[in-house]
Structures are given as structure tokens and as C-alpha cells.
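Shown next: entry25.txt, containing compact mmCIF, C-alpha atoms and all ligand atoms.
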# COMPACT_ATOMS: atom_id res chain seq x y z
CA MET A 1 47.72 68.70 62.65
CA ASP A 2 50.12 70.11 65.21
CA LEU A 3 52.85 67.59 66.01
CA ARG A 4 55.07 69.98 67.94
CA TYR A 5 53.91 68.40 71.20
CA ARG A 6 53.04 64.83 72.12
CA ASN A 7 49.35 63.90 72.02
CA THR A 8 47.78 63.11 75.40
CA GLU A 9 44.63 61.30 74.17
CA SER A 10 44.35 57.72 75.51
CA GLU A 11 44.36 54.69 73.26
CA LEU A 12 41.20 52.57 72.99
CA MET A 13 43.13 49.34 73.68
CA ASP A 14 44.02 50.63 77.17
CA ASP A 15 40.32 50.68 78.15
CA PRO A 16 39.84 47.77 80.62
CA LYS A 17 36.34 47.24 79.16
CA VAL A 18 37.73 46.00 75.80
CA ALA A 19 36.69 42.32 75.48
CA ILE A 20 39.43 39.69 75.36
CA GLU A 21 38.34 38.50 71.89
CA THR A 22 38.58 42.06 70.56
CA LEU A 23 41.99 42.56 72.20
CA ARG A 24 43.21 39.33 70.57
CA LEU A 25 42.34 40.77 67.13
CA VAL A 26 43.99 44.10 67.99
CA PHE A 27 47.23 42.28 68.89
CA ASP A 28 46.96 40.31 65.61
CA ASP A 29 46.88 43.66 63.79
CA ILE A 30 49.83 45.06 65.80
CA ASN A 31 51.82 41.88 65.10
CA LYS A 32 50.99 42.04 61.40
CA SER A 33 52.22 45.68 61.24
CA ASN A 34 55.41 44.71 63.09
CA ARG A 35 55.98 41.81 60.71
CA LEU A 36 55.39 43.83 57.54
CA LEU A 37 57.27 46.93 58.70
CA GLY A 38 60.10 45.17 60.55
CA GLY A 39 59.41 46.55 64.07
CA ASN A 40 60.45 43.45 66.05
CA ARG A 41 63.52 42.84 63.87
CA ILE A 42 64.93 46.17 65.10
CA THR A 43 64.65 44.97 68.71
CA LEU A 44 66.09 41.53 67.90
CA ASN A 45 69.11 43.13 66.17
CA SER A 46 69.70 45.39 69.19
CA VAL A 47 69.51 42.40 71.57
CA CYS A 48 72.08 40.51 69.43
CA LYS A 49 74.38 43.56 69.46
CA LEU A 50 74.28 43.80 73.27
CA ILE A 51 74.87 40.05 73.60
CA LYS A 52 77.90 40.29 71.29
CA GLU A 53 79.27 43.16 73.37
CA PHE A 54 78.62 41.47 76.73
CA PRO A 55 79.12 37.73 76.12
CA ARG A 56 77.61 35.33 78.68
CA LYS A 57 76.19 31.80 78.55
CA GLN A 58 72.81 32.81 79.97
CA TYR A 59 70.69 35.97 79.83
CA THR A 60 67.45 37.02 81.48
CA ILE A 61 65.46 39.34 79.25
CA VAL A 62 62.41 41.24 80.50
CA ASP A 63 59.82 42.82 78.19
CA MET A 64 57.93 45.70 79.84
CA GLY A 65 54.43 46.13 78.40
CA CYS A 66 54.78 42.78 76.59
CA GLY A 67 51.20 42.72 75.22
CA ASP A 68 50.48 39.28 73.76
CA GLY A 69 54.17 38.29 74.08
CA GLU A 70 54.97 38.16 70.35
CA MET A 71 58.42 39.78 70.81
CA LEU A 72 59.35 37.20 73.46
CA ARG A 73 58.28 34.29 71.25
CA GLU A 74 60.40 35.69 68.41
CA LEU A 75 63.39 35.93 70.75
CA ALA A 76 62.81 32.41 72.11
CA SER A 77 62.61 30.94 68.58
CA TYR A 78 65.74 32.79 67.49
CA PHE A 79 67.87 31.73 70.49
CA ARG A 80 66.74 28.07 70.35
CA ASN A 81 69.10 27.76 67.38
CA THR A 82 72.09 29.03 69.39
CA GLU A 83 74.25 27.92 72.34
CA ILE A 84 72.94 30.79 74.46
CA GLU A 85 70.39 30.04 77.19
CA ILE A 86 67.66 32.67 77.44
CA LEU A 87 65.08 33.17 80.20
CA LEU A 88 62.29 35.50 79.14
CA ILE A 89 59.83 37.41 81.35
CA GLY A 90 56.91 39.42 80.00
CA LEU A 91 55.31 42.06 82.22
CA ASP A 92 52.05 43.87 81.50
CA LEU A 93 49.32 45.56 83.49
CA ASN A 94 46.50 44.15 81.39
CA GLU A 95 45.29 40.72 82.65
CA LYS A 96 43.53 40.02 79.35
CA ALA A 97 46.75 40.64 77.40
CA LEU A 98 48.56 38.28 79.79
CA THR A 99 45.91 35.57 79.30
CA ILE A 100 46.35 35.82 75.51
CA ALA A 101 50.15 35.83 75.91
CA ARG A 102 50.08 32.66 78.06
CA GLU A 103 47.74 30.88 75.61
CA LEU A 104 49.96 31.74 72.65
CA SER A 105 53.13 30.70 74.50
CA VAL A 106 52.22 27.16 75.64
CA ASP A 107 55.09 25.78 73.54
CA PHE A 108 57.58 28.23 75.06
CA PRO A 109 58.50 27.06 78.58
CA GLU A 110 61.36 29.59 78.66
CA ILE A 111 58.80 32.45 78.83
CA THR A 112 56.98 33.56 82.02
CA PHE A 113 54.31 36.27 82.15
CA LEU A 114 53.55 38.40 85.20
CA LYS A 115 51.22 41.27 86.01
CA GLN A 116 53.12 44.49 86.72
CA ASP A 117 52.32 48.19 86.51
CA ILE A 118 55.31 49.85 84.87
CA LEU A 119 54.71 52.92 87.05
CA ALA A 120 55.00 50.90 90.27
CA LEU A 121 58.33 49.16 89.65
CA LYS A 122 60.64 48.77 92.63
CA PRO A 123 64.37 48.01 92.19
CA LEU A 124 64.02 44.98 94.47
CA ASN A 125 61.16 43.43 92.40
CA PHE A 126 63.65 41.50 90.20
CA SER A 127 66.72 42.06 88.10
CA CYS A 128 67.55 41.17 84.52
CA ASP A 129 70.37 41.44 82.01
CA ILE A 130 68.46 43.15 79.20
CA LEU A 131 65.22 45.07 79.49
CA LEU A 132 63.00 45.70 76.44
CA CYS A 133 60.20 48.18 76.01
CA THR A 134 58.61 48.18 72.57
CA LEU A 135 55.68 50.39 71.51
CA THR A 136 54.88 51.02 75.17
CA ILE A 137 56.50 54.25 76.35
CA HIS A 138 54.31 56.33 74.01
CA HIS A 139 51.34 55.30 76.23
CA PHE A 140 52.74 57.53 79.00
CA SER A 141 53.04 61.27 79.61
CA ASN A 142 56.32 63.20 79.67
CA LYS A 143 55.98 63.34 83.47
CA GLN A 144 55.50 59.58 83.86
CA ILE A 145 58.29 58.40 81.51
CA PRO A 146 61.27 59.51 83.70
CA ILE A 147 59.72 57.69 86.69
CA PHE A 148 59.96 54.25 85.09
CA LEU A 149 63.13 54.94 83.05
CA SER A 150 64.99 55.57 86.28
CA GLN A 151 63.74 52.22 87.64
CA PHE A 152 64.69 50.47 84.37
CA THR A 153 68.33 51.57 84.82
CA LYS A 154 68.38 49.98 88.28
CA LEU A 155 66.88 46.68 87.05
CA ALA A 156 68.93 46.02 83.89
CA GLN A 157 72.53 44.86 84.39
CA ILE A 158 73.59 45.13 80.73
CA GLY A 159 71.20 47.36 78.86
CA ILE A 160 67.78 48.70 77.99
CA ILE A 161 66.29 48.69 74.49
CA ILE A 162 63.44 51.08 73.82
CA ASN A 163 61.81 50.77 70.42
CA ASP A 164 59.06 53.30 69.76
CA LEU A 165 57.42 55.48 67.14
CA GLN A 166 58.60 58.67 65.53
CA ARG A 167 56.07 61.53 65.75
CA SER A 168 55.90 62.49 62.09
CA ALA A 169 53.24 63.79 59.69
CA LEU A 170 54.59 61.54 56.92
CA ALA A 171 54.32 58.47 59.20
CA TYR A 172 50.74 59.52 60.10
CA TYR A 173 49.53 59.76 56.49
CA LEU A 174 51.41 56.65 55.34
CA PHE A 175 49.89 54.67 58.24
CA LYS A 176 46.41 55.82 57.15
CA GLY A 177 47.03 54.21 53.75
CA PHE A 178 48.74 51.14 55.24
CA SER A 179 45.95 50.52 57.74
CA ALA A 180 43.22 50.85 55.09
CA ILE A 181 44.78 47.83 53.35
CA PHE A 182 46.35 45.72 56.09
CA ILE A 183 44.66 46.49 59.44
CA LYS A 184 41.31 44.85 60.25
CA THR A 185 40.18 46.26 63.61
CA LYS A 186 38.82 49.78 64.17
CA ILE A 187 40.76 49.94 67.45
CA ALA A 188 44.14 49.24 65.82
CA LYS A 189 43.41 51.74 63.02
CA HIS A 190 42.46 54.42 65.58
CA ASP A 191 45.23 53.62 68.07
CA GLY A 192 47.90 53.44 65.36
CA LEU A 193 47.24 57.09 64.46
CA ILE A 194 47.01 58.16 68.13
CA SER A 195 50.28 56.30 68.79
CA ILE A 196 52.11 58.21 66.05
CA LYS A 197 50.82 61.49 67.52
CA SER A 198 52.00 60.30 70.98
CA GLY A 199 55.39 59.22 69.59
CA PHE A 200 58.70 61.03 69.82
CA LYS A 201 61.05 63.41 68.09
CA LYS A 202 64.71 62.60 68.67
CA LYS A 203 65.05 65.69 70.84
CA ASP A 204 62.33 64.36 73.22
CA LEU A 205 64.35 61.19 73.79
CA ILE A 206 67.57 63.16 74.25
CA THR A 207 65.81 65.27 76.88
CA PHE A 208 64.74 62.11 78.79
CA SER A 209 68.28 60.71 78.52
CA LYS A 210 69.73 63.81 80.17
CA ASN A 211 68.13 62.70 83.47
CA LEU A 212 70.20 59.50 83.12
CA SER A 213 73.53 61.07 82.30
CA HIS A 214 75.52 58.43 84.23
CA ILE A 215 75.04 55.80 81.47
CA ALA A 216 75.75 55.54 77.73
CA HIS A 217 72.92 56.27 75.29
CA THR A 218 72.57 55.56 71.58
CA ILE A 219 69.47 56.80 69.75
CA ASN A 220 68.99 55.80 66.11
CA TRP A 221 66.16 56.27 63.60
CA LYS A 222 65.06 53.07 61.86
CA TRP A 223 62.59 52.28 59.08
CA ALA A 224 59.60 52.40 59.43
CA PHE A 225 59.47 55.60 61.51
CA ARG A 226 60.94 54.11 64.68
CA TYR A 227 63.53 55.24 67.16
CA VAL A 228 65.62 52.60 68.86
CA TRP A 229 67.17 53.94 72.02
CA VAL A 230 69.78 51.69 73.64
CA MET A 231 71.06 52.44 77.14
CA GLU A 232 74.15 50.52 78.19
CA THR A 233 73.68 50.54 81.93
CA SER A 234 77.20 49.33 82.68
CA ARG A 235 78.89 51.96 80.49
CA LEU A 236 79.48 55.43 81.77
CA SER A 237 80.02 57.72 78.80
CA GLN A 238 77.20 59.45 76.94
CA SER A 239 76.82 59.42 73.18
CA TYR A 240 74.02 60.09 70.67
CA GLU A 241 74.29 58.61 67.17
C1 LIG A 301 50.89 48.88 72.00
S1 LIG A 301 51.04 47.64 73.21
C2 LIG A 301 52.67 47.03 72.83
C3 LIG A 301 52.75 45.55 72.98
C4 LIG A 301 54.09 44.94 72.58
N1 LIG A 301 55.17 45.40 73.44
C5 LIG A 301 54.41 45.20 71.12
O1 LIG A 301 55.47 45.78 70.81
O2 LIG A 301 53.61 44.82 70.26
C6 LIG A 301 51.32 48.50 74.75
C7 LIG A 301 51.25 47.58 75.94
O3 LIG A 301 51.56 48.35 77.12
C8 LIG A 301 50.73 47.87 78.16
N2 LIG A 301 50.62 48.87 79.24
C9 LIG A 301 49.96 50.04 79.22
N3 LIG A 301 50.06 50.67 80.41
C10 LIG A 301 50.82 49.86 81.22
C11 LIG A 301 51.29 49.96 82.55
N4 LIG A 301 50.99 51.02 83.35
N5 LIG A 301 52.07 48.96 83.03
C12 LIG A 301 52.39 47.89 82.26
N6 LIG A 301 51.97 47.74 80.98
C13 LIG A 301 51.20 48.72 80.46
C14 LIG A 301 49.40 47.60 77.49
O4 LIG A 301 48.59 46.72 78.26
C15 LIG A 301 49.86 47.00 76.16
O5 LIG A 301 49.94 45.58 76.24

So that I can check it, write out the structure of this file as C-alpha cells.
Amino acid sequence: MDLRYRNTESELMDDPKVAIETLRLVFDDINKSNRLLGGNRITLNSVCKLIKEFPRKQYTIVDMGCGDGEMLRELASYFRNTEIEILLIGLDLNEKALTIARELSVDFPEITFLKQDILALKPLNFSCDILLCTLTIHHFSNKQIPIFLSQFTKLAQIGIIINDLQRSALAYYLFKGFSAIFIKTKIAKHDGLISIKSGFKKKDLITFSKNLSHIAHTINWKWAFRYVWVMETSRLSQSYE
């Protein structure tokens, strides 16, 4: 297996022909992996860090490629126990994912879901304080990623949190074992492996960040085989940790 370059094979879940009931089970598998391996906790911790650094009474948080909206529900539940008011917006291109997200979020009036192609964002579409993008940028090619990253920096007043997979042979083989035990759907088993091959080395993310040299960047590795890349859009210096 050659992991020097990012894989360009598409994921099965991106096929518009996948039935909504199948997609629901795929998201259940993704959510289970995130729960067991701590994927969403990494994003939540990064949101809390930005909020501590830039204190306000109210924040608008947008999740790009929100899938079934699990990350937004976790954020809503967390902030219900605090004084901070949070408005949450989930954007995704897939209507079926949005239908599932709306169904699962009936008890969360603070969350809104909208259809949006990440590649067709315009700075005037909306603005937010914090923009999240979890397990989504690996769906795009190295040519496409800078297009939407540049738009992200214009939309987010405080910061951007990208949480995505490390491209690693160890991650690939460990996921094979993990998915044999914990993952039910063929699509999630297949796409999990494709996703790791489409993931990133730290140097890939540093290369993307160089196109955005006017803002501060922090890129950290986190268990299990994730990179969390935080861009502080209101800070000017550049740093890599
Ligand atoms: C692996 S899922 C991640 C879902 C969720 N963010 C999570 O962390 O579990 C990737 C999501 O990106 C969405 N997506 C793919 N291409 C997109 C595009 N061009 N614009 C917006 N969303 C897109 C897919 O529909 C899917 O819901």
C-alpha cells in the first residue's frame, strides 16, 4: 500500500443512489466510531478553547458537511448546561443526510440544517463565529481543498476547526480490526479504509495553510489518528505546534 499520496477513489456514501435507510445505518456506524475513539470530543475541546480565548455571550457555530448532525447535537447538549447561548447551523450537500439530521434533532430548536455545496460557498452567504469541518475535507482533492478553505476564512469571525484523519498504515490496519468488531455496514467498513487513505500527513496540512499565511494556524495530532487544525481568523501570526 502506497500512502505517499492521497487516495482519489470516491467513498460509497457519497453516491446519491444510496438509500436513506442505508445512509442512516452508515451514520450510526460513523457515530459509534467517533464515540468509541473520541473523535467528536477533540472538536468539542477545540470549540471550548476558542470560546475561552474569545469570550462572548452568544456564538454562531456552523458545521460544514454536518452529515446526520451528531456533532451539533453534542455541542447543543454541552452548552445547555452553561450560560453561553449557542446557535448551530449544519450544512451538507446530501438531502438524505439533512432529512436524517432534522429527524434526529427535533428536540434541538437551536440547530438549523441547510443544503449547501461546500465548493460553492460565497462570502456573502452567511457569517459565523466558529466554523467546524469534521471528517469532511478528506472527501475532496488537493485542488478543491484550497477553494473552500479560503471561503472558510472569510466566513468565520473567530476561528475554524478542522478535524480529520491521519493517512497512516498503522491506522489502516487497526481500523480493519476495529471495524470487524464494531462496524455493521459494508459501506462504513469500506469507506473507513478509503477515508484513511484519503487522509493527511501533517505536511499536507502545512502546505494548505501556507496559502492562508495571514492567519494563525495550530495543527496537532490527536488519538485516534486524527489531526486537529485550528485557524484563528482574527490572529495574524503563524505557528505550527
Ligand atoms: C464522513 S461524513 C462526515 C459527517 C460528520 N461531519 C461527522 O464528522 O461524522 C462527510 C459529509 O460530507 C458531506 N459532503 C460531501 N461532499 C460535500 C459537498 N460538496 N458539500 C457539502 N457537504 C459535502 C457528505 O454528504 C457527508 O455528510

Calculated over only C-alpha atoms and all ligand atoms, which of the candidates A:Leu149, A:Leu193, A:Met64, A:Ile181 has the smallest distance to ligand LIG 301 (chain A)?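 Looking at the shortest contact to ligand LIG 301 (chain A), the residue is A:Met64.
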
What's around Ile158 of chain A at 8 Å? Count all atoms listed in the file, leave out sequence neighbours fewer than 2 positions away in its own chain, and write the answer as an MDAnalysis selection string. chainID A and resid 50 54 129:130 156 160 232:234

Extract, using only C-alpha atoms, all DNA, RNA and protein residues at most 9 Å from Tyr172 of chain A, discarding same-chain residues fewer than 4 positions from it, and format them as number ranges by chain. A: 167-168, 176, 192-194, 196-197

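When atom CA of Gln116 of chain A is paired with atom CA of Glu74 of chain A, their separation reads 21.6 Å.
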
Report as a ChimeraX atom specification which protein, DNA and RNA residues come within 9 Å of ligand LIG 301 (chain A), using all atoms listed in the file. /A:11,13-14,27,30-31,34,39-40,63-71,91-98,115-120,132-140,163-164,191-192,195

Same residues, C-alpha atoms, output as an mmCIF file, in the coordinates of the input:
data_model
loop_
_atom_site.group_PDB
_atom_site.id
_atom_site.type_symbol
_atom_site.label_atom_id
_atom_site.label_comp_id
_atom_site.auth_asym_id
_atom_site.auth_seq_id
_atom_site.Cartn_x
_atom_site.Cartn_y
_atom_site.Cartn_z
ATOM 1 C CA GLU A 11 44.360 54.690 73.260
ATOM 2 C CA MET A 13 43.130 49.340 73.680
ATOM 3 C CA ASP A 14 44.020 50.630 77.170
ATOM 4 C CA PHE A 27 47.230 42.280 68.890
ATOM 5 C CA ILE A 30 49.830 45.060 65.800
ATOM 6 C CA ASN A 31 51.820 41.880 65.100
ATOM 7 C CA ASN A 34 55.410 44.710 63.090
ATOM 8 C CA GLY A 39 59.410 46.550 64.070
ATOM 9 C CA ASN A 40 60.450 43.450 66.050
ATOM 10 C CA ASP A 63 59.820 42.820 78.190
ATOM 11 C CA MET A 64 57.930 45.700 79.840
ATOM 12 C CA GLY A 65 54.430 46.130 78.400
ATOM 13 C CA CYS A 66 54.780 42.780 76.590
ATOM 14 C CA GLY A 67 51.200 42.720 75.220
ATOM 15 C CA ASP A 68 50.480 39.280 73.760
ATOM 16 C CA GLY A 69 54.170 38.290 74.080
ATOM 17 C CA GLU A 70 54.970 38.160 70.350
ATOM 18 C CA MET A 71 58.420 39.780 70.810
ATOM 19 C CA LEU A 91 55.310 42.060 82.220
ATOM 20 C CA ASP A 92 52.050 43.870 81.500
ATOM 21 C CA LEU A 93 49.320 45.560 83.490
ATOM 22 C CA ASN A 94 46.500 44.150 81.390
ATOM 23 C CA GLU A 95 45.290 40.720 82.650
ATOM 24 C CA LYS A 96 43.530 40.020 79.350
ATOM 25 C CA ALA A 97 46.750 40.640 77.400
ATOM 26 C CA LEU A 98 48.560 38.280 79.790
ATOM 27 C CA LYS A 115 51.220 41.270 86.010
ATOM 28 C CA GLN A 116 53.120 44.490 86.720
ATOM 29 C CA ASP A 117 52.320 48.190 86.510
ATOM 30 C CA ILE A 118 55.310 49.850 84.870
ATOM 31 C CA LEU A 119 54.710 52.920 87.050
ATOM 32 C CA ALA A 120 55.000 50.900 90.270
ATOM 33 C CA LEU A 132 63.000 45.700 76.440
ATOM 34 C CA CYS A 133 60.200 48.180 76.010
ATOM 35 C CA THR A 134 58.610 48.180 72.570
ATOM 36 C CA LEU A 135 55.680 50.390 71.510
ATOM 37 C CA THR A 136 54.880 51.020 75.170
ATOM 38 C CA ILE A 137 56.500 54.250 76.350
ATOM 39 C CA HIS A 138 54.310 56.330 74.010
ATOM 40 C CA HIS A 139 51.340 55.300 76.230
ATOM 41 C CA PHE A 140 52.740 57.530 79.000
ATOM 42 C CA ASN A 163 61.810 50.770 70.420
ATOM 43 C CA ASP A 164 59.060 53.300 69.760
ATOM 44 C CA ASP A 191 45.230 53.620 68.070
ATOM 45 C CA GLY A 192 47.900 53.440 65.360
ATOM 46 C CA SER A 195 50.280 56.300 68.790
#

Using all atoms listed in the file: which of A:Leu23, A:Ile84, A:Met231, A:Val18 has the shortest distance to Lys52 of chain A: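 Residue with the minimum atom-to-atom distance to Lys52 of chain A: A:Ile84.
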